[in-house]
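Next up, query-v9.cif (mmCIF, C-alpha atoms):
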```cif
data_coords
loop_
_atom_site.label_atom_id
_atom_site.label_comp_id
_atom_site.auth_asym_id
_atom_site.auth_seq_id
_atom_site.Cartn_x
_atom_site.Cartn_y
_atom_site.Cartn_z
CA MET O 1 -21.71 -36.42 35.89
CA SER O 2 -19.34 -36.45 32.91
CA ILE O 3 -20.32 -34.23 30.00
CA GLU O 4 -18.77 -35.00 26.63
CA ILE O 5 -18.98 -32.50 23.76
CA PRO O 6 -20.31 -34.29 20.66
CA PRO O 7 -17.88 -34.44 17.72
CA GLY O 8 -18.35 -31.54 15.34
CA LEU O 9 -20.33 -29.32 17.76
CA THR O 10 -17.49 -26.85 18.30
CA GLU O 11 -16.92 -26.36 14.56
CA LEU O 12 -20.69 -26.10 13.93
CA LEU O 13 -21.23 -23.36 16.50
CA GLN O 14 -18.01 -21.62 15.53
CA GLY O 15 -19.12 -21.37 11.91
CA TYR O 16 -22.51 -19.99 12.98
CA THR O 17 -20.85 -17.42 15.29
CA VAL O 18 -18.58 -16.17 12.52
CA GLU O 19 -21.58 -15.72 10.19
CA VAL O 20 -23.47 -13.78 12.88
CA LEU O 21 -20.49 -11.46 13.35
CA ARG O 22 -20.21 -10.95 9.60
CA HIS O 23 -23.89 -10.25 8.91
CA ARG O 24 -25.08 -8.92 12.30
CA PRO O 25 -28.70 -10.02 11.72
CA PRO O 26 -31.48 -8.24 13.67
CA ASP O 27 -33.29 -11.54 14.36
CA LEU O 28 -30.89 -14.19 15.62
CA LEU O 29 -33.53 -16.97 15.74
CA ASN O 30 -34.59 -16.53 12.10
CA PHE O 31 -30.96 -16.24 11.02
CA ALA O 32 -30.10 -19.46 12.92
CA ALA O 33 -33.02 -21.30 11.33
CA GLU O 34 -31.97 -20.24 7.84
CA TYR O 35 -28.27 -20.92 8.49
CA PHE O 36 -28.71 -24.43 9.85
CA GLY O 37 -31.35 -25.16 7.21
CA ARG O 38 -28.79 -24.39 4.52
CA LEU O 39 -26.27 -26.68 6.23
CA ARG O 40 -28.81 -29.50 6.34
CA ASP O 41 -29.70 -29.03 2.67
CA ALA O 42 -26.02 -28.99 1.69
CA ARG O 43 -25.39 -32.17 3.68
CA ASP O 44 -28.41 -33.94 2.13
CA GLN O 45 -27.26 -32.92 -1.34
CA GLU O 46 -23.77 -34.30 -0.69
CA LEU O 47 -25.27 -37.56 0.54
CA ARG O 48 -27.44 -37.85 -2.58
CA GLU O 49 -24.41 -37.26 -4.80
CA ALA O 50 -22.38 -39.80 -2.84
CA THR O 51 -25.02 -42.46 -3.36
CA ARG O 52 -24.81 -41.86 -7.12
CA GLY O 53 -21.17 -42.93 -6.97
CA LYS O 54 -19.58 -39.55 -7.38
CA GLY O 55 -15.99 -39.31 -6.21
CA VAL O 56 -13.63 -36.38 -6.01
CA VAL O 57 -13.08 -34.67 -9.35
CA PHE O 58 -9.76 -33.00 -10.05
CA ASP O 59 -10.10 -30.14 -12.53
CA GLY O 60 -7.09 -28.69 -14.30
CA GLU O 61 -3.78 -30.30 -13.32
CA PRO O 62 -4.50 -33.46 -11.32
CA MET O 63 -3.40 -33.77 -7.73
CA GLN O 64 -0.26 -35.87 -7.73
CA THR O 65 0.59 -38.62 -5.31
CA GLU O 66 3.98 -40.25 -5.09
CA SER O 67 3.02 -42.32 -8.13
CA ASN O 68 1.62 -40.66 -11.23
CA GLY O 69 0.00 -43.87 -12.53
CA GLU O 70 -3.59 -43.34 -13.70
CA ASP O 71 -4.82 -46.54 -12.04
CA GLU O 72 -3.28 -45.68 -8.70
CA ARG O 73 -4.62 -42.12 -8.86
CA ARG O 74 -8.13 -43.43 -9.58
CA GLN O 75 -7.79 -45.88 -6.69
CA ASP O 76 -6.78 -43.06 -4.33
CA VAL O 77 -9.86 -41.08 -5.34
CA ASP O 78 -12.14 -44.05 -4.77
CA GLU O 79 -10.65 -44.68 -1.33
CA GLU O 80 -11.09 -41.03 -0.34
CA SER O 81 -14.73 -40.97 -1.44
CA ASP O 82 -15.40 -43.95 0.87
CA SER O 83 -13.93 -42.24 3.93
CA ASP O 84 -15.98 -40.35 6.53
CA PHE O 85 -14.58 -37.03 5.36
CA GLU O 86 -15.14 -36.35 1.66
CA PRO O 87 -12.63 -33.75 0.47
CA PRO O 88 -13.89 -30.84 -1.59
CA VAL O 89 -12.88 -30.33 -5.21
CA VAL O 90 -9.15 -29.67 -5.32
CA ASN O 91 -8.09 -27.27 -8.02
CA ARG O 92 -4.82 -25.47 -7.92
CA PHE O 93 -5.85 -22.26 -9.65
CA ASN O 94 -9.60 -22.24 -10.37
CA ARG O 95 -12.18 -21.37 -7.72
CA ARG O 96 -13.48 -24.31 -5.72
CA VAL O 97 -17.08 -25.36 -5.41
CA SER O 98 -18.66 -24.04 -2.21
CA VAL O 99 -18.39 -26.34 0.78
CA CYS O 100 -20.61 -25.12 3.58
CA ALA O 101 -19.20 -25.68 7.07
CA GLU O 102 -17.60 -29.00 6.20
CA ALA O 103 -17.10 -31.15 9.26
CA PHE O 104 -13.62 -31.62 10.65
CA ASN O 105 -12.81 -33.03 14.08
CA PRO O 106 -9.05 -32.82 14.72
CA ASP O 107 -9.27 -35.27 17.61
CA GLU O 108 -10.88 -37.98 15.47
CA ASP O 109 -9.23 -37.35 12.11
CA ASP O 110 -7.08 -40.24 10.92
CA ASP O 111 -3.99 -39.19 8.97
CA GLU O 112 -3.85 -42.58 7.28
CA ALA O 113 -7.34 -42.13 5.78
CA GLU O 114 -6.07 -39.41 3.43
CA ALA O 115 -3.68 -40.06 0.57
CA ARG O 116 -0.64 -37.81 0.81
CA VAL O 117 -0.43 -35.08 -1.79
CA VAL O 118 3.00 -34.80 -3.40
CA HIS O 119 3.96 -32.27 -6.05
CA PRO O 120 7.43 -33.26 -7.33
CA LYS O 121 10.09 -30.55 -7.09
CA THR O 122 13.62 -30.07 -8.28
CA ASP O 123 16.37 -29.56 -5.70
CA GLU O 124 16.43 -25.88 -6.67
CA GLN O 125 12.67 -25.54 -6.11
CA ARG O 126 12.88 -27.34 -2.77
CA CYS O 127 15.58 -24.94 -1.57
CA ARG O 128 13.53 -21.90 -2.62
CA LEU O 129 10.44 -23.30 -0.91
CA GLN O 130 12.26 -23.99 2.35
CA GLU O 131 13.68 -20.46 2.33
CA ALA O 132 10.23 -18.94 1.72
CA CYS O 133 8.65 -20.98 4.53
CA LYS O 134 11.32 -20.67 7.22
CA ASP O 135 9.69 -17.68 8.95
CA ILE O 136 6.02 -18.61 8.44
CA LEU O 137 4.59 -18.72 11.96
CA ILE O 138 1.76 -21.08 11.11
CA PHE O 139 4.42 -23.73 10.35
CA LYS O 140 6.50 -23.10 13.48
CA ASN O 141 4.71 -25.60 15.69
CA LEU O 142 4.79 -28.46 13.19
CA ASP O 143 7.07 -31.39 13.91
CA GLN O 144 9.59 -32.44 11.26
CA GLU O 145 7.33 -35.10 9.72
CA GLN O 146 4.36 -32.73 9.49
CA LEU O 147 6.52 -30.00 7.94
CA SER O 148 7.92 -32.46 5.41
CA GLN O 149 4.39 -33.46 4.36
CA VAL O 150 3.40 -29.81 4.00
CA LEU O 151 6.42 -29.00 1.84
CA ASP O 152 5.79 -32.09 -0.30
CA ALA O 153 2.19 -30.97 -0.92
CA MET O 154 3.00 -27.37 -1.86
CA PHE O 155 3.03 -26.29 -5.49
CA GLU O 156 4.57 -23.28 -7.23
CA ARG O 157 2.34 -20.63 -8.79
CA LYS O 158 3.77 -17.89 -11.01
CA VAL O 159 1.80 -14.65 -11.14
CA GLN O 160 1.76 -11.62 -13.42
CA PRO O 161 1.08 -7.92 -12.64
CA GLN O 162 -2.61 -7.18 -11.90
CA GLU O 163 -3.40 -10.89 -11.49
CA HIS O 164 -5.93 -11.61 -8.74
CA VAL O 165 -4.61 -14.36 -6.49
CA ILE O 166 -7.74 -14.49 -4.32
CA ASP O 167 -10.94 -12.43 -4.36
CA GLN O 168 -12.98 -11.23 -1.41
CA GLY O 169 -16.15 -13.28 -1.02
CA ASP O 170 -14.81 -16.38 -2.79
CA ASP O 171 -14.52 -19.73 -1.01
CA GLY O 172 -11.03 -20.63 0.17
CA ASP O 173 -9.16 -23.10 -2.01
CA ASN O 174 -5.48 -22.70 -1.14
CA PHE O 175 -3.15 -21.22 1.46
CA TYR O 176 -0.31 -19.18 -0.05
CA VAL O 177 3.27 -18.35 0.96
CA VAL O 178 4.96 -15.45 -0.81
CA GLU O 179 8.37 -16.26 -2.28
CA ARG O 180 8.81 -13.03 -4.23
CA GLY O 181 6.79 -10.16 -5.64
CA LEU O 182 4.55 -7.34 -4.37
CA TYR O 183 0.89 -8.00 -3.57
CA ASP O 184 -1.69 -5.40 -2.54
CA ILE O 185 -4.46 -6.25 -0.06
CA PHE O 186 -7.88 -4.77 -0.90
CA VAL O 187 -10.96 -4.86 1.33
CA SER O 188 -14.41 -3.80 0.13
CA ARG O 189 -16.83 -2.23 2.58
CA ASP O 190 -20.08 -0.41 1.80
CA GLY O 191 -19.33 -0.66 -1.91
CA GLN O 192 -15.91 0.97 -1.54
CA SER O 193 -12.65 -0.91 -2.13
CA ARG O 194 -9.50 0.31 -0.45
CA CYS O 195 -5.94 -0.94 -0.14
CA VAL O 196 -5.22 -1.87 3.48
CA GLY O 197 -1.73 -3.31 3.18
CA ARG O 198 0.90 -5.00 1.04
CA TYR O 199 2.99 -8.16 1.03
CA ASP O 200 6.53 -7.26 0.05
CA ASN O 201 8.47 -10.35 -1.05
CA ARG O 202 7.49 -12.24 2.13
CA GLY O 203 4.54 -13.37 4.22
CA SER O 204 1.54 -15.66 3.80
CA PHE O 205 -2.21 -15.34 3.37
CA GLY O 206 -5.41 -17.31 2.89
CA GLU O 207 -5.40 -19.33 6.11
CA LEU O 208 -8.48 -17.87 7.80
CA ALA O 209 -10.95 -18.91 5.10
CA LEU O 210 -9.61 -22.47 5.30
CA MET O 211 -9.69 -22.58 9.09
CA TYR O 212 -13.20 -21.22 9.54
CA ASN O 213 -15.02 -22.19 6.33
CA THR O 214 -15.73 -18.53 5.67
CA PRO O 215 -15.44 -16.57 2.40
CA ARG O 216 -12.22 -14.77 1.61
CA ALA O 217 -12.02 -11.59 3.71
CA ALA O 218 -9.89 -9.64 1.22
CA THR O 219 -8.71 -9.50 -2.39
CA ILE O 220 -4.99 -10.03 -3.07
CA VAL O 221 -3.68 -8.54 -6.33
CA ALA O 222 -0.13 -8.97 -7.66
CA THR O 223 1.40 -5.62 -8.58
CA THR O 224 4.59 -7.17 -9.99
CA GLU O 225 5.61 -10.46 -11.53
CA GLY O 226 6.10 -12.93 -8.70
CA SER O 227 6.07 -16.45 -7.33
CA LEU O 228 3.87 -18.06 -4.69
CA TRP O 229 3.77 -21.47 -3.06
CA GLY O 230 0.27 -22.90 -2.54
CA LEU O 231 -1.02 -25.56 -0.17
CA ASP O 232 -4.35 -27.21 -1.01
CA ARG O 233 -7.31 -26.99 1.33
CA VAL O 234 -7.45 -30.70 2.22
CA THR O 235 -3.80 -30.98 3.25
CA PHE O 236 -3.97 -27.67 5.10
CA ARG O 237 -6.94 -28.77 7.17
CA ARG O 238 -5.59 -32.26 7.82
CA ILE O 239 -2.18 -31.14 9.07
CA ILE O 240 -2.37 -27.48 10.10
CA LEU O 241 -5.79 -27.61 11.76
CA LYS O 242 -4.95 -30.76 13.69
CA ASN O 243 -1.79 -29.13 14.98
CA ASN O 244 -3.64 -25.89 15.75
CA ALA O 245 -6.25 -27.78 17.76
CA LYS O 246 -3.49 -28.91 20.12
CA LYS O 247 -2.05 -25.40 20.22
CA ARG O 248 -5.49 -23.89 20.88
CA LYS O 249 -5.95 -25.98 24.01
CA THR O 250 -2.60 -24.68 25.27
CA PHE O 251 -2.98 -20.99 24.44
CA GLU O 252 -6.72 -20.27 24.63
CA LEU O 253 -6.93 -19.54 28.37
CA PHE O 254 -3.75 -17.48 28.29
CA ILE O 255 -4.96 -15.29 25.41
CA GLU O 256 -8.21 -14.63 27.29
CA SER O 257 -6.17 -13.30 30.22
CA VAL O 258 -4.19 -10.74 28.17
CA PRO O 259 -5.65 -7.29 29.05
CA LEU O 260 -5.08 -5.87 25.55
CA LEU O 261 -7.22 -8.60 23.97
CA LYS O 262 -10.16 -8.49 26.38
CA SER O 263 -12.01 -6.06 24.10
CA LEU O 264 -12.04 -8.61 21.27
CA GLU O 265 -14.92 -10.97 20.57
CA PRO O 266 -14.28 -14.65 21.47
CA SER O 267 -14.16 -15.57 17.77
CA GLU O 268 -11.54 -12.86 17.17
CA ARG O 269 -9.37 -14.15 20.02
CA MET O 270 -9.71 -17.67 18.59
CA LYS O 271 -8.29 -16.45 15.27
CA ILE O 272 -5.33 -14.94 17.11
CA VAL O 273 -4.64 -18.28 18.78
CA ASP O 274 -4.56 -19.91 15.35
CA VAL O 275 -1.94 -17.58 13.84
CA ILE O 276 0.46 -17.04 16.73
CA GLY O 277 3.66 -18.93 17.23
CA GLU O 278 5.74 -19.56 20.33
CA LYS O 279 9.42 -18.68 20.72
CA SER O 280 11.80 -19.30 23.62
CA TYR O 281 14.73 -17.09 24.61
CA GLN O 282 17.63 -17.56 27.01
CA ASP O 283 18.81 -15.08 29.62
CA GLY O 284 20.29 -11.99 27.97
CA GLU O 285 19.24 -12.98 24.46
CA ARG O 286 18.15 -10.06 22.30
CA ILE O 287 14.59 -10.42 21.02
CA ILE O 288 14.32 -7.24 18.92
CA SER O 289 16.94 -4.63 18.02
CA GLN O 290 16.61 -0.87 17.95
CA GLY O 291 16.64 0.45 14.37
CA ASP O 292 15.54 -2.84 12.78
CA LYS O 293 12.52 -3.10 10.53
CA ALA O 294 9.51 -4.41 12.45
CA ASP O 295 8.14 -7.78 11.41
CA SER O 296 6.45 -9.16 14.54
CA PHE O 297 4.41 -8.38 17.65
CA TYR O 298 5.18 -10.09 20.98
CA ILE O 299 3.20 -11.10 24.08
CA VAL O 300 5.14 -12.38 27.10
CA GLU O 301 3.91 -15.87 27.92
CA SER O 302 6.34 -16.49 30.79
CA GLY O 303 9.39 -14.77 32.23
CA GLU O 304 10.38 -11.13 31.97
CA VAL O 305 11.61 -8.89 29.15
CA LYS O 306 13.51 -5.65 29.59
CA ILE O 307 13.24 -2.78 27.11
CA LEU O 308 16.38 -0.71 26.51
CA ILE O 309 17.06 2.31 24.32
CA LYS O 310 20.08 4.22 23.00
CA SER O 311 19.06 7.86 23.14
CA LYS O 312 19.99 10.35 20.43
CA THR O 313 19.53 13.17 22.90
CA ILE O 314 22.53 12.10 25.03
CA THR O 315 25.73 13.71 23.73
CA THR O 316 28.13 12.61 26.48
CA LYS O 317 30.41 9.58 26.54
CA ASP O 318 27.39 7.55 27.64
CA ALA O 319 25.63 8.22 24.33
CA ASN O 320 26.13 4.64 23.11
CA GLN O 321 24.98 3.08 26.35
CA GLU O 322 21.57 1.45 26.39
CA VAL O 323 19.22 2.71 29.09
CA GLU O 324 16.48 0.50 30.52
CA ILE O 325 13.10 2.19 30.19
CA ALA O 326 10.60 -0.59 30.97
CA ARG O 327 10.02 -4.24 31.81
CA CYS O 328 7.31 -6.51 30.43
CA GLN O 329 5.96 -9.46 32.38
CA LYS O 330 3.47 -12.25 31.75
CA GLY O 331 0.49 -11.01 29.71
CA GLN O 332 2.16 -7.76 28.66
CA TYR O 333 3.19 -7.01 25.09
CA PHE O 334 5.91 -5.20 23.17
CA GLY O 335 7.00 -4.59 19.59
CA GLU O 336 3.70 -2.96 18.62
CA LEU O 337 5.04 0.60 18.39
CA ALA O 338 6.97 0.12 15.15
CA LEU O 339 4.00 -1.72 13.61
CA VAL O 340 1.54 1.04 14.55
CA THR O 341 3.80 3.91 13.39
CA ASN O 342 5.41 2.08 10.41
CA LYS O 343 8.84 3.15 11.64
CA PRO O 344 11.97 1.19 12.64
CA ARG O 345 12.20 -0.32 16.11
CA ALA O 346 12.54 2.47 18.69
CA ALA O 347 14.11 0.21 21.35
CA SER O 348 15.70 -3.17 21.93
CA ALA O 349 14.22 -6.00 24.02
CA TYR O 350 16.19 -8.59 25.99
CA ALA O 351 15.20 -11.74 27.86
CA VAL O 352 15.62 -11.69 31.65
CA GLY O 353 16.11 -15.31 32.57
CA GLU O 354 14.31 -17.89 30.45
CA VAL O 355 11.47 -16.30 28.48
CA LYS O 356 8.66 -17.58 26.28
CA CYS O 357 6.82 -15.21 23.95
CA LEU O 358 3.82 -15.61 21.71
CA VAL O 359 4.68 -14.05 18.35
CA MET O 360 2.39 -12.68 15.65
CA ASP O 361 3.73 -11.58 12.26
CA VAL O 362 3.00 -8.12 10.88
CA GLN O 363 0.37 -9.29 8.39
CA ALA O 364 -1.68 -11.09 11.04
CA PHE O 365 -1.21 -8.10 13.37
CA GLU O 366 -2.71 -5.74 10.80
CA ARG O 367 -5.61 -8.10 9.97
CA LEU O 368 -6.63 -9.19 13.44
CA LEU O 369 -5.71 -6.47 15.93
CA GLY O 370 -7.55 -3.56 14.31
CA PRO O 371 -10.02 -3.33 17.24
CA CYS O 372 -7.06 -2.95 19.65
CA MET O 373 -5.33 -0.23 17.63
CA ASP O 374 -6.84 2.67 19.60
CA ILE O 375 -5.49 1.20 22.85
CA MET O 376 -2.01 0.83 21.37
CA LYS O 377 -2.06 4.35 19.93
CA ARG O 378 -3.00 5.76 23.32
CA ASN O 379 0.02 3.98 24.77
CA ILE O 380 2.29 5.93 22.40
CA THR O 381 1.51 9.07 24.44
CA HIS O 382 2.58 7.20 27.57
CA TYR O 383 5.85 6.18 25.89
CA GLU O 384 6.52 9.78 24.90
CA GLU O 385 6.01 10.93 28.48
CA GLN O 386 8.47 8.28 29.69
CA LEU O 387 11.14 9.43 27.23
CA VAL O 388 10.66 13.10 28.10
CA ALA O 389 11.04 12.25 31.80
CA LEU O 390 14.23 10.25 31.13
CA PHE O 391 15.93 12.27 28.39
CA GLY O 392 14.05 15.56 28.16
CA SER O 393 12.84 14.72 24.63
CA SER O 394 10.71 12.21 22.74
CA LEU O 395 12.90 12.40 19.63
CA ASP O 396 13.83 8.72 19.97
CA LEU O 397 10.19 7.83 19.45
CA THR O 398 9.34 10.22 16.63
CA ASP O 399 12.62 9.55 14.78
CA PRO O 400 13.79 6.06 15.84
CA GLY O 401 16.85 4.21 14.62
CA ASN O 402 20.47 3.69 15.55
#
```
Written as structure tokens, that's how I'd like the structure from this file.
Amino acid sequence: MSIEIPPGLTELLQGYTVEVLRHRPPDLLNFAAEYFGRLRDARDQELREATRGKGVVFDGEPMQTESNGEDERRQDVDEESDSDFEPPVVNRFNRRVSVCAEAFNPDEDDDEAEARVVHPKTDEQRCRLQEACKDILIFKNLDQEQLSQVLDAMFERKVQPQEHVIDQGDDGDNFYVVERGLYDIFVSRDGQSRCVGRYDNRGSFGELALMYNTPRAATIVATTEGSLWGLDRVTFRRIILKNNAKKRKTFELFIESVPLLKSLEPSERMKIVDVIGEKSYQDGERIISQGDKADSFYIVESGEVKILIKSKTITTKDANQEVEIARCQKGQYFGELALVTNKPRAASAYAVGEVKCLVMDVQAFERLLGPCMDIMKRNITHYEEQLVALFGSSLDLTDPGN
């Protein structure tokens, strides 16, 4: 007997699961009844509004298509309101109206049903945007046409010191890429707000709220004057989510098999799948270098990686020779040490034969792998013991660098 999952079921249950994990209700049945009741009421309200002829309203600066003509823009809006998926209010800077668990089926979504969003840019702006986006992992798996559409749809946002870019608890409106500036990350728990990290002239944020229809998980505040590039919710979901759905099918089973991640909830592992990228390396290619600033965490998807170190404790002619201290195989990870200790890379890693790695940037590592931090910190003791056995000292770990 063939069993087919109804369209929208996965997203529906996923949204409910995330809310359960956020609120941890004592009575799951009552919580489910209230949750799905709210979804039904929101859907009925949207249907009532649709029957009154309401289309999509653009507040502030209007969304631009390749033509700025008023008649064409109105026609685009009318066509979108007639499609199966009614986009939420698109507003570049103001907070969007709440959209509760809006349906999105990547397998059924038709790219042609949505008008392309294009924000015109000068050649100088385009160059800056491409430079800012070149290392954004969430874009790594896009093909050239998808990436071109994303870059076309992105808009520049200038920020001033103490300006709130996003606020915890708000609905997600845009995804942001940092071009320049410093941005503090604040998380409020039990009435207390604390700074948990910082974006320093690079990185991206805001994707999780768009992927999972959940409120913003943190507040991002600019501490200097800066520049961001934003991508609206509709374009993000149409292109990025569709691409991630394909990636999820590929990586989901593998992520479940990684020992480090077994302690995570299924919804937490799903978020990891959505933010990782894949990189390939040839035999002998260096993946990370000792002494470099850490920017990523790696899991070996296939092949083998050898870890080598130049020890400061060797004073002979072999002092500059790299010594192999470990090998990582499928399912094992490396690169976490520098991220946990906030120090430069303590060793170099090289591909042995052809290697594929799943890569997570430092910001996603800090947001999503908190529950695994104790395991990784315990492994530091094991690393120290290895270095003492090899070199008689763990100085290379406590004071890394070239």
Identify, on the basis of all atoms listed in the file, every residue whose closest approach to O:Ile185 does not exceed 8 Å; exclude the query and any residue fewer than 3 positions from it along the same chain; express the result as a tab-separated table (two decimals) with C-alpha atoms, in the coordinates of the input.
```tsv
chain	number	residue	atom	x	y	z
O	195	CYS	CA	-5.94	-0.94	-0.14
O	196	VAL	CA	-5.22	-1.87	3.48
O	197	GLY	CA	-1.73	-3.31	3.18
O	198	ARG	CA	0.90	-5.00	1.04
O	199	TYR	CA	2.99	-8.16	1.03
O	218	ALA	CA	-9.89	-9.64	1.22
O	219	THR	CA	-8.71	-9.50	-2.39
O	220	ILE	CA	-4.99	-10.03	-3.07
O	221	VAL	CA	-3.68	-8.54	-6.33
```
Exercise for review: Evaluate the PyMOL selection byres ((chain O and resi 133) around 10) here and jot the selected residues down as a VMD selection string.
Suggested key: chain O and resid 128 to 132 134 to 140 147 151 177 to 179 202 to 204 229
Review point. Hey, what comes out of the PyMOL selection byres ((chain O and resi 327) around 7) on this file? Could you write it as an MDAnalysis selection string?
Key: chainID O and resid 304:307 326 328:329
Check your understanding: Taking into account only C-alpha atoms, which residue in the set O:Leu228, O:Ala42, O:Ile166, O:Ile239 is nearest to O:Val187?
Key ->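 Of all the options, O:Ile166 lies closest to O:Val187.
Across the model, the gap from atom CA of O:Gly284 to atom CA of O:Gly353 is 7.0 Å.
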Study note, to complete from the structure: The residue from O:Val117, O:Leu29, O:Cys127, O:Ala222 with the smallest atom-to-atom distance to O:His164, counting all atoms listed in the file, is O:Ala222
Check your understanding: Between atom CA of O:Leu231 and atom CA of O:Met154, what is the spacing in Å?
Key -> 4.7 Å
Review point. Interatomic distance between atom CA of O:Leu339 and atom CA of O:Val300?
Key: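 Separation of atom CA of O:Leu339 and atom CA of O:Val300: 17.2 Å.
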Practice item. Would you translate the PyMOL selection byres ((chain O and resi 341-348) around 7) into the concrete set of residues it matches in this file, as an NGL selection string? Key: :O and (288-294 or 307-309 or 337-340 or 349-350 or 396-397 or 400-401)
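In this comparison, which uses only C-alpha atoms, the residue of O:Arg189, O:Lys158, O:Arg269, O:His23 approaching O:Leu253 most closely is O:Arg269.
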Calculate, to one decimal in Å, the centre and edge lengths of the box along x, y and z of the file that holds all listed atoms of stretch 117-120 of chain O with 4 Å of margin on each side, and present them as lines of an AutoDock Vina configuration file.
```
center_x = 3.5
center_y = -33.7
center_z = -4.6
size_x = 15.9
size_y = 10.8
size_z = 13.5
```
Point to revise | Within 8 Å of O:Glu225 using only C-alpha atoms, minus same-chain residues under 4 positions, as an MDAnalysis selection string | key: chainID O and resid 158:161 181:182
C-alpha atoms of the current selection, written as a CSV table (one decimal), in the coordinates of the input:
```
chain,number,residue,atom,x,y,z
O,158,LYS,CA,3.8,-17.9,-11.0
O,159,VAL,CA,1.8,-14.6,-11.1
O,160,GLN,CA,1.8,-11.6,-13.4
O,161,PRO,CA,1.1,-7.9,-12.6
O,181,GLY,CA,6.8,-10.2,-5.6
O,182,LEU,CA,4.6,-7.3,-4.4
```
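Closest approach to O:Lys271 from the set O:Glu285, O:Asp171, O:Glu322, O:Glu252 is made by O:Glu252, with distances taken over only C-alpha atoms.
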